[in-house]
>>> print(open('entry.txt').read())   # compact mmCIF, C-alpha atoms
# COMPACT_ATOMS: atom_id res chain seq x y z
CA MET A 1 84.51 112.11 95.36
CA LEU A 2 85.16 110.79 91.86
CA ASN A 3 82.33 112.96 90.54
CA HIS A 4 84.64 115.96 91.09
CA TRP A 5 87.61 114.51 89.20
CA PRO A 6 88.50 115.80 85.74
CA PRO A 7 89.34 113.21 83.08
CA LEU A 8 92.68 111.83 84.32
CA GLY A 9 94.11 111.56 80.83
CA THR A 10 94.02 115.35 80.46
CA LEU A 11 96.17 115.99 83.53
CA ARG A 12 99.46 114.75 82.05
CA GLY A 13 98.99 116.96 78.98
CA PHE A 14 98.16 119.97 81.14
CA GLU A 15 101.13 119.41 83.48
CA ALA A 16 103.60 118.99 80.63
CA ALA A 17 102.31 122.05 78.75
CA ALA A 18 102.35 124.17 81.89
CA ARG A 19 105.83 123.05 82.90
CA LEU A 20 107.33 123.46 79.42
CA GLY A 21 105.34 126.55 78.45
CA SER A 22 104.46 125.02 75.08
CA PHE A 23 101.85 122.68 73.65
CA HIS A 24 104.37 121.63 71.00
CA LYS A 25 107.06 120.65 73.54
CA ALA A 26 104.44 118.85 75.67
CA ALA A 27 103.38 116.85 72.62
CA GLU A 28 106.98 115.85 71.91
CA GLU A 29 107.58 114.77 75.53
CA LEU A 30 104.40 112.69 75.68
CA HIS A 31 104.75 111.33 72.11
CA LEU A 32 101.43 112.84 71.06
CA THR A 33 100.41 115.32 68.37
CA GLN A 34 100.10 118.98 69.19
CA SER A 35 96.43 118.84 68.28
CA ALA A 36 95.93 116.03 70.81
CA ILE A 37 97.49 118.16 73.56
CA SER A 38 95.35 121.15 72.52
CA GLN A 39 92.25 118.97 72.65
CA GLN A 40 93.17 117.69 76.15
CA ILE A 41 93.62 121.25 77.41
CA ARG A 42 90.33 122.41 75.86
CA SER A 43 88.55 119.43 77.40
CA LEU A 44 90.06 120.19 80.82
CA GLU A 45 89.16 123.89 80.59
CA ALA A 46 85.60 122.98 79.59
CA TYR A 47 85.36 120.66 82.57
CA LEU A 48 86.69 123.34 84.95
CA GLU A 49 84.65 126.04 83.23
CA GLN A 50 87.57 128.49 83.08
CA PRO A 51 90.74 129.04 81.03
CA LEU A 52 94.03 127.65 82.29
CA PHE A 53 96.29 129.24 79.64
CA PHE A 54 96.71 132.56 77.90
CA ARG A 55 97.35 131.80 74.22
CA SER A 56 99.46 134.13 72.08
CA GLY A 57 100.44 132.60 68.78
CA ARG A 58 102.63 129.59 69.46
CA SER A 59 103.40 130.58 73.07
CA VAL A 60 101.20 129.90 76.08
CA SER A 61 101.31 131.04 79.70
CA LEU A 62 99.30 130.09 82.73
CA THR A 63 96.38 132.05 84.09
CA ASP A 64 96.08 132.49 87.86
CA ALA A 65 93.73 129.52 87.89
CA GLY A 66 96.27 127.57 85.84
CA HIS A 67 99.06 128.29 88.34
CA ASP A 68 96.81 127.17 91.20
CA PHE A 69 95.76 123.98 89.43
CA LEU A 70 99.33 123.13 88.36
CA SER A 71 100.55 122.68 91.93
CA THR A 72 97.61 120.36 92.65
CA THR A 73 98.17 118.39 89.45
CA GLN A 74 101.91 117.93 90.01
CA ALA A 75 101.38 116.74 93.59
CA LEU A 76 98.72 114.28 92.44
CA LEU A 77 100.79 112.88 89.56
CA GLN A 78 103.86 112.54 91.78
CA GLN A 79 101.89 110.70 94.45
CA LEU A 80 100.39 108.42 91.79
CA ALA A 81 103.85 107.69 90.36
CA VAL A 82 105.18 106.80 93.80
CA GLY A 83 102.19 104.54 94.40
CA VAL A 84 102.76 102.72 91.12
CA ARG A 85 106.45 102.22 91.91
CA ARG A 86 105.62 100.88 95.36
CA LEU A 87 103.52 98.13 93.80
CA GLY A 88 106.76 96.59 92.60
CA GLN A 89 107.43 95.32 96.10
CA TYR A 90 104.56 92.86 95.70
CA ARG A 91 106.30 91.27 92.71
CA LYS A 92 109.69 90.83 94.36
CA PRO A 93 111.07 87.32 94.07
CA ASN A 94 111.84 85.52 97.34
CA GLN A 95 109.78 87.94 99.40
CA LEU A 96 108.60 86.82 102.85
CA VAL A 97 106.11 88.97 104.76
CA LEU A 98 106.36 88.77 108.56
CA ASN A 99 103.88 90.48 110.85
CA THR A 100 104.85 91.18 114.44
CA THR A 101 104.48 93.79 117.16
CA PRO A 102 106.66 96.91 117.15
CA THR A 103 107.99 95.80 120.54
CA PHE A 104 109.14 92.38 119.37
CA ALA A 105 110.61 93.80 116.19
CA ARG A 106 112.63 96.43 118.00
CA HIS A 107 113.78 94.61 121.12
CA TRP A 108 114.21 91.02 119.95
CA LEU A 109 114.23 90.73 116.18
CA LEU A 110 116.28 93.78 115.20
CA PRO A 111 119.39 92.86 117.24
CA ARG A 112 119.41 89.44 115.53
CA LEU A 113 118.56 90.41 111.96
CA ALA A 114 122.17 90.61 110.86
CA ASP A 115 122.57 86.95 111.76
CA PHE A 116 119.48 85.98 109.79
CA ARG A 117 120.62 88.02 106.80
CA GLN A 118 124.03 86.40 106.88
CA ARG A 119 122.57 82.90 107.02
CA HIS A 120 119.74 83.47 104.52
CA PRO A 121 120.65 86.27 102.10
CA GLU A 122 118.20 84.82 99.58
CA VAL A 123 115.19 85.84 101.72
CA ASP A 124 113.78 89.31 100.97
CA LEU A 125 112.20 89.81 104.40
CA TRP A 126 109.46 92.41 104.79
CA ILE A 127 108.82 93.19 108.47
CA PHE A 128 105.27 94.50 108.82
CA THR A 129 104.66 95.77 112.38
CA THR A 130 101.21 96.50 113.76
CA ASP A 131 99.69 97.01 117.19
CA GLU A 132 96.53 95.31 115.94
CA VAL A 133 96.30 91.56 115.40
CA PRO A 134 96.29 90.92 111.64
CA ASP A 135 93.61 88.97 109.79
CA MET A 136 95.77 86.35 108.09
CA ALA A 137 92.94 85.22 105.81
CA SER A 138 92.46 88.64 104.21
CA GLN A 139 95.93 90.21 104.42
CA THR A 140 99.05 89.35 102.44
CA ILE A 141 101.06 87.92 105.35
CA ASP A 142 103.08 84.71 105.37
CA LEU A 143 103.98 84.54 109.06
CA ALA A 144 102.99 86.31 112.27
CA VAL A 145 104.94 86.27 115.54
CA ARG A 146 103.01 87.89 118.37
CA ASP A 147 102.13 87.63 122.05
CA ASP A 148 98.50 88.63 121.50
CA ILE A 149 97.43 86.16 118.84
CA SER A 150 95.42 82.95 118.79
CA SER A 151 94.61 80.41 116.11
CA GLN A 152 92.97 81.67 112.92
CA ALA A 153 91.33 80.06 109.94
CA GLU A 154 93.65 79.00 107.10
CA CYS A 155 96.69 79.09 109.43
CA SER A 156 98.74 76.74 111.54
CA PHE A 157 99.35 77.83 115.13
CA LYS A 158 102.36 77.10 117.32
CA VAL A 159 103.33 78.41 120.75
CA LEU A 160 106.99 79.42 120.56
CA TYR A 161 108.00 80.77 123.95
CA ALA A 162 106.42 81.15 127.38
CA ASP A 163 107.77 84.47 128.57
CA ARG A 164 108.62 85.39 132.16
CA LEU A 165 108.46 88.82 133.80
CA PHE A 166 110.62 90.31 136.51
CA PRO A 167 111.01 93.68 138.24
CA ALA A 168 114.02 95.64 137.04
CA CYS A 169 115.64 99.04 136.79
CA HIS A 170 118.73 100.71 135.41
CA PRO A 171 121.72 99.96 137.70
CA SER A 172 122.01 103.65 138.60
CA VAL A 173 118.48 103.63 140.05
CA LEU A 174 119.67 101.23 142.76
CA THR A 175 121.48 104.16 144.34
CA VAL A 176 118.17 106.03 144.75
CA PRO A 177 116.35 105.40 148.05
CA GLU A 178 113.58 102.86 147.47
CA ALA A 179 110.80 105.23 148.53
CA GLN A 180 111.95 107.77 145.93
CA ARG A 181 111.99 105.44 142.93
CA THR A 182 109.28 106.05 140.35
CA THR A 183 107.09 103.03 139.61
CA LEU A 184 106.49 102.35 135.91
CA HIS A 185 103.18 100.62 135.23
CA GLY A 186 102.28 98.50 132.20
CA GLU A 187 99.17 96.76 130.95
CA ARG A 188 98.04 93.14 130.82
CA GLU A 189 100.65 90.90 132.46
CA MET A 190 102.93 93.87 133.13
CA ASP A 191 100.49 95.39 135.60
CA TRP A 192 101.99 95.24 139.09
CA SER A 193 98.85 93.51 140.40
CA HIS A 194 100.08 90.31 138.73
CA TRP A 195 103.39 90.60 140.56
CA ALA A 196 101.62 91.17 143.88
CA VAL A 197 99.45 88.07 143.42
CA GLU A 198 101.97 85.65 141.90
CA ALA A 199 105.21 86.71 143.61
CA GLY A 200 104.00 88.58 146.68
CA ILE A 201 107.34 90.38 147.04
CA ASP A 202 107.52 94.08 147.84
CA VAL A 203 110.26 95.66 145.71
CA GLY A 204 109.19 99.20 146.47
CA GLN A 205 106.44 99.36 143.85
CA GLN A 206 103.84 102.08 144.37
CA ASP A 207 100.33 102.60 143.00
CA GLN A 208 101.22 105.93 141.42
CA GLY A 209 103.87 106.60 138.81
CA LEU A 210 104.13 106.56 135.03
CA ASN A 211 101.85 104.39 132.90
CA PHE A 212 102.60 102.76 129.53
CA SER A 213 100.35 100.88 127.13
CA ASP A 214 103.34 99.78 125.01
CA PRO A 215 105.59 97.17 126.69
CA GLY A 216 108.46 98.21 124.45
CA MET A 217 108.19 101.81 125.65
CA LEU A 218 107.99 100.55 129.22
CA LEU A 219 111.24 98.65 128.70
CA ASP A 220 112.82 101.76 127.15
CA ALA A 221 111.68 103.80 130.15
CA VAL A 222 113.27 101.34 132.59
CA CYS A 223 116.53 101.38 130.60
CA SER A 224 116.40 105.20 130.56
CA ARG A 225 116.59 105.37 134.38
CA LEU A 226 113.00 106.54 134.84
CA GLY A 227 112.19 103.99 137.53
CA ILE A 228 111.32 100.37 138.24
CA GLY A 229 109.05 98.26 136.04
CA LEU A 230 108.01 94.73 135.19
CA VAL A 231 109.83 93.73 132.03
CA SER A 232 109.86 90.80 129.65
CA GLN A 233 112.65 88.27 130.06
CA LEU A 234 112.64 87.59 126.32
CA LEU A 235 112.72 91.22 125.22
CA SER A 236 115.17 92.50 127.84
CA HIS A 237 118.04 90.11 127.07
CA GLN A 238 119.92 92.66 124.95
CA ALA A 239 119.38 95.45 127.46
CA GLN A 240 120.82 93.28 130.24
CA ALA A 241 123.79 92.37 128.07
CA ASP A 242 124.38 96.08 127.42
CA GLY A 243 124.32 96.87 131.15
CA LEU A 244 121.14 98.93 130.94
CA LEU A 245 119.01 96.70 133.11
CA THR A 246 119.37 94.80 136.37
CA PRO A 247 116.78 92.60 138.14
CA LEU A 248 115.59 93.74 141.56
CA VAL A 249 115.08 90.13 142.69
CA ALA A 250 115.73 86.68 141.20
CA THR A 251 112.03 85.75 141.19
CA THR A 252 110.07 85.79 137.92
CA ILE A 253 106.37 85.36 137.15
CA ARG A 254 104.39 84.14 134.15
CA GLY A 255 104.34 86.47 131.19
CA PRO A 256 102.65 86.33 127.79
CA SER A 257 103.18 83.43 125.39
CA TRP A 258 104.69 84.21 122.01
CA ALA A 259 103.13 82.28 119.15
CA LEU A 260 103.67 81.73 115.44
CA LEU A 261 100.91 81.79 112.84
CA THR A 262 101.79 80.46 109.40
CA HIS A 263 99.40 80.93 106.51
CA ARG A 264 98.58 77.62 104.85
CA ASP A 265 99.84 78.91 101.49
CA SER A 266 103.27 79.48 103.08
CA GLU A 267 103.64 76.31 105.13
CA ASN A 268 105.70 74.56 102.46
CA ASP A 269 107.47 77.67 101.23
CA PRO A 270 111.26 77.20 101.62
CA LEU A 271 111.59 80.87 102.61
CA ALA A 272 109.07 80.51 105.42
CA ARG A 273 110.68 77.28 106.54
CA SER A 274 114.11 78.94 106.65
CA PHE A 275 112.85 81.82 108.77
CA THR A 276 110.88 79.53 111.09
CA ALA A 277 113.87 77.26 111.67
CA TRP A 278 116.09 80.26 112.38
CA LEU A 279 113.50 81.75 114.73
CA LEU A 280 113.08 78.52 116.68
CA SER A 281 116.81 77.99 117.04
CA HIS A 282 117.23 81.42 118.63
CA LEU A 283 114.18 81.15 120.88
CA GLN A 284 115.27 77.72 122.13
CA ALA A 285 118.56 79.28 123.18
CA GLU A 286 116.76 81.85 125.33
CA PRO A 287 116.64 81.33 129.14
CA THR A 288 113.39 79.90 130.46
>>> encode(input="entry.txt", output="structure tokens")
Amino acid sequence: MLNHWPPLGTLRGFEAAARLGSFHKAAEELHLTQSAISQQIRSLEAYLEQPLFFRSGRSVSLTDAGHDFLSTTQALLQQLAVGVRRLGQYRKPNQLVLNTTPTFARHWLLPRLADFRQRHPEVDLWIFTTDEVPDMASQTIDLAVRDDISSQAECSFKVLYADRLFPACHPSVLTVPEAQRTTLHGEREMDWSHWAVEAGIDVGQQDQGLNFSDPGMLLDAVCSRLGIGLVSQLLSHQAQADGLLTPLVATTIRGPSWALLTHRDSENDPLARSFTAWLLSHLQAEPT
């Protein structure tokens, strides 16, 4: 791909000259001589094998090819400028990078973030959500909190919370005859086969229904009155408090275990220690 790139240094001169309609004004803006701008444009036109400007004395105007290439150049330079500015986030003082699942971030962490921010305003927390398990050895991540992770090289590993699952629905769904309730199916532990084996209680679940690969979306679907589903005790606490969720029975079954991975370079970091202590205090207050 790079074989088809013009010399990058010529693009700023071309963009400025095209935008300002003058080699002289472009030179002033870029703190170069007019001859330097002229040379950049000639070099770019030679590379592209076609003129980009009509020249008439001191004034210049774009050819059709010049107009076409200007839009491409401006988009490229703008994207490059944004990319350079974004690099500043990697130099922020007191930054702590946390990886977690979108489900945990939305349903557990987000409702509690205000408390963390109030207690630790010095921590510049970057929440990096992924469906895929991160490689802590090769990615810039201080901590990971997930239910699908195991020990990794260069990291300490700690089980934080053994989750429980229970069948639930929106309170309004209880008024629907049991045979007419839609069954919402999840994956892994939230598949109804686990409920059938471990609890053995018929709550009206059916083989057909709606299927979700994302446990967070499954929880949203239950709260949105779509039907009955197996939901996480840990992640559904806020929904129950808001009156969006009610258990169908008091029985619960084993769910996934949430674990913490801490990169060895962050184990003694005061920022990581502050977040870990805060996280543990909240998880220990959760029902088991």
>>> closest_atom_pairs(input="entry.txt", of="segment 58-97 of chain A", to="segment 258-276 of chain A", cutoff="10 Å", atoms="only C-alpha atoms", output="JSON lines")
{"residue": "A:Asn94", "atom": "CA", "partner": "A:Leu271", "partner_atom": "CA", "distance": 7.0}
{"residue": "A:Gln95", "atom": "CA", "partner": "A:Leu271", "partner_atom": "CA", "distance": 8.0}
{"residue": "A:Leu96", "atom": "CA", "partner": "A:Leu271", "partner_atom": "CA", "distance": 6.7}
{"residue": "A:Val97", "atom": "CA", "partner": "A:Ala272", "partner_atom": "CA", "distance": 9.0}
>>> closest_residue(input="entry.txt", among="A:Asp214, A:Asp68, A:Asp220, A:Glu198", to="Thr251 of chain A", atoms="only C-alpha atoms")
A:Glu198
>>> atom_distance(input="entry.txt", atom1="atom CA of Pro102 of chain A", atom2="atom CA of Arg146 of chain A")
9.8 Å
>>> closest_residue(input="entry.txt", among="A:Thr140, A:Ser38, A:Thr182, A:Asn211", to="Leu52 of chain A", atoms="all atoms listed in the file")
A:Ser38
>>> atom_distance(input="entry.txt", atom1="atom CA of Leu248 of chain A", atom2="atom CA of Gly227 of chain A")
11.5 Å
>>> build_atoms(input="entry.txt", residues="segment 265-286 of chain A", atoms="N, CA and C atoms", output="mmCIF file, in the frame of the given file")
data_model
loop_
_atom_site.group_PDB
_atom_site.id
_atom_site.type_symbol
_atom_site.label_atom_id
_atom_site.label_comp_id
_atom_site.auth_asym_id
_atom_site.auth_seq_id
_atom_site.Cartn_x
_atom_site.Cartn_y
_atom_site.Cartn_z
ATOM 1 N N ASP A 265 99.178 78.795 102.792
ATOM 2 C CA ASP A 265 99.840 78.910 101.490
ATOM 3 C C ASP A 265 101.360 79.021 101.629
ATOM 4 N N SER A 266 101.827 79.293 102.860
ATOM 5 C CA SER A 266 103.270 79.480 103.080
ATOM 6 C C SER A 266 103.903 78.340 103.856
ATOM 7 N N GLU A 267 103.108 77.372 104.267
ATOM 8 C CA GLU A 267 103.640 76.310 105.130
ATOM 9 C C GLU A 267 104.768 75.524 104.461
ATOM 10 N N ASN A 268 104.678 75.324 103.169
ATOM 11 C CA ASN A 268 105.700 74.560 102.460
ATOM 12 C C ASN A 268 106.669 75.441 101.673
ATOM 13 N N ASP A 269 106.578 76.736 101.896
ATOM 14 C CA ASP A 269 107.470 77.670 101.230
ATOM 15 C C ASP A 269 108.866 77.564 101.849
ATOM 16 N N PRO A 270 109.905 77.310 101.055
ATOM 17 C CA PRO A 270 111.260 77.200 101.620
ATOM 18 C C PRO A 270 111.696 78.456 102.363
ATOM 19 N N LEU A 271 111.227 79.636 101.924
ATOM 20 C CA LEU A 271 111.590 80.870 102.610
ATOM 21 C C LEU A 271 110.997 80.906 104.009
ATOM 22 N N ALA A 272 109.725 80.535 104.112
ATOM 23 C CA ALA A 272 109.070 80.510 105.420
ATOM 24 C C ALA A 272 109.691 79.456 106.320
ATOM 25 N N ARG A 273 110.043 78.327 105.763
ATOM 26 C CA ARG A 273 110.680 77.280 106.540
ATOM 27 C C ARG A 273 112.052 77.734 107.054
ATOM 28 N N SER A 274 112.794 78.438 106.233
ATOM 29 C CA SER A 274 114.110 78.940 106.650
ATOM 30 C C SER A 274 113.975 79.913 107.811
ATOM 31 N N PHE A 275 113.013 80.843 107.693
ATOM 32 C CA PHE A 275 112.850 81.820 108.770
ATOM 33 C C PHE A 275 112.363 81.139 110.047
ATOM 34 N N THR A 276 111.410 80.211 109.919
ATOM 35 C CA THR A 276 110.880 79.530 111.090
ATOM 36 C C THR A 276 111.968 78.739 111.812
ATOM 37 N N ALA A 277 112.786 78.029 111.064
ATOM 38 C CA ALA A 277 113.870 77.260 111.670
ATOM 39 C C ALA A 277 114.852 78.178 112.384
ATOM 40 N N TRP A 278 115.186 79.291 111.750
ATOM 41 C CA TRP A 278 116.090 80.260 112.380
ATOM 42 C C TRP A 278 115.475 80.830 113.651
ATOM 43 N N LEU A 279 114.205 81.192 113.581
ATOM 44 C CA LEU A 279 113.500 81.750 114.730
ATOM 45 C C LEU A 279 113.493 80.774 115.903
ATOM 46 N N LEU A 280 113.141 79.527 115.615
ATOM 47 C CA LEU A 280 113.080 78.520 116.680
ATOM 48 C C LEU A 280 114.439 78.273 117.307
ATOM 49 N N SER A 281 115.477 78.247 116.495
ATOM 50 C CA SER A 281 116.810 77.990 117.040
ATOM 51 C C SER A 281 117.221 79.083 118.019
ATOM 52 N N HIS A 282 116.875 80.327 117.730
ATOM 53 C CA HIS A 282 117.230 81.420 118.630
ATOM 54 C C HIS A 282 116.346 81.430 119.873
ATOM 55 N N LEU A 283 115.066 81.154 119.712
ATOM 56 C CA LEU A 283 114.180 81.150 120.880
ATOM 57 C C LEU A 283 114.509 79.998 121.824
ATOM 58 N N GLN A 284 114.902 78.855 121.276
ATOM 59 C CA GLN A 284 115.270 77.720 122.130
ATOM 60 C C GLN A 284 116.536 77.990 122.922
ATOM 61 N N ALA A 285 117.339 78.932 122.451
ATOM 62 C CA ALA A 285 118.560 79.280 123.180
ATOM 63 C C ALA A 285 118.304 80.301 124.274
ATOM 64 N N GLU A 286 117.077 80.866 124.316
ATOM 65 C CA GLU A 286 116.760 81.850 125.330
ATOM 66 C C GLU A 286 116.581 81.168 126.690
#
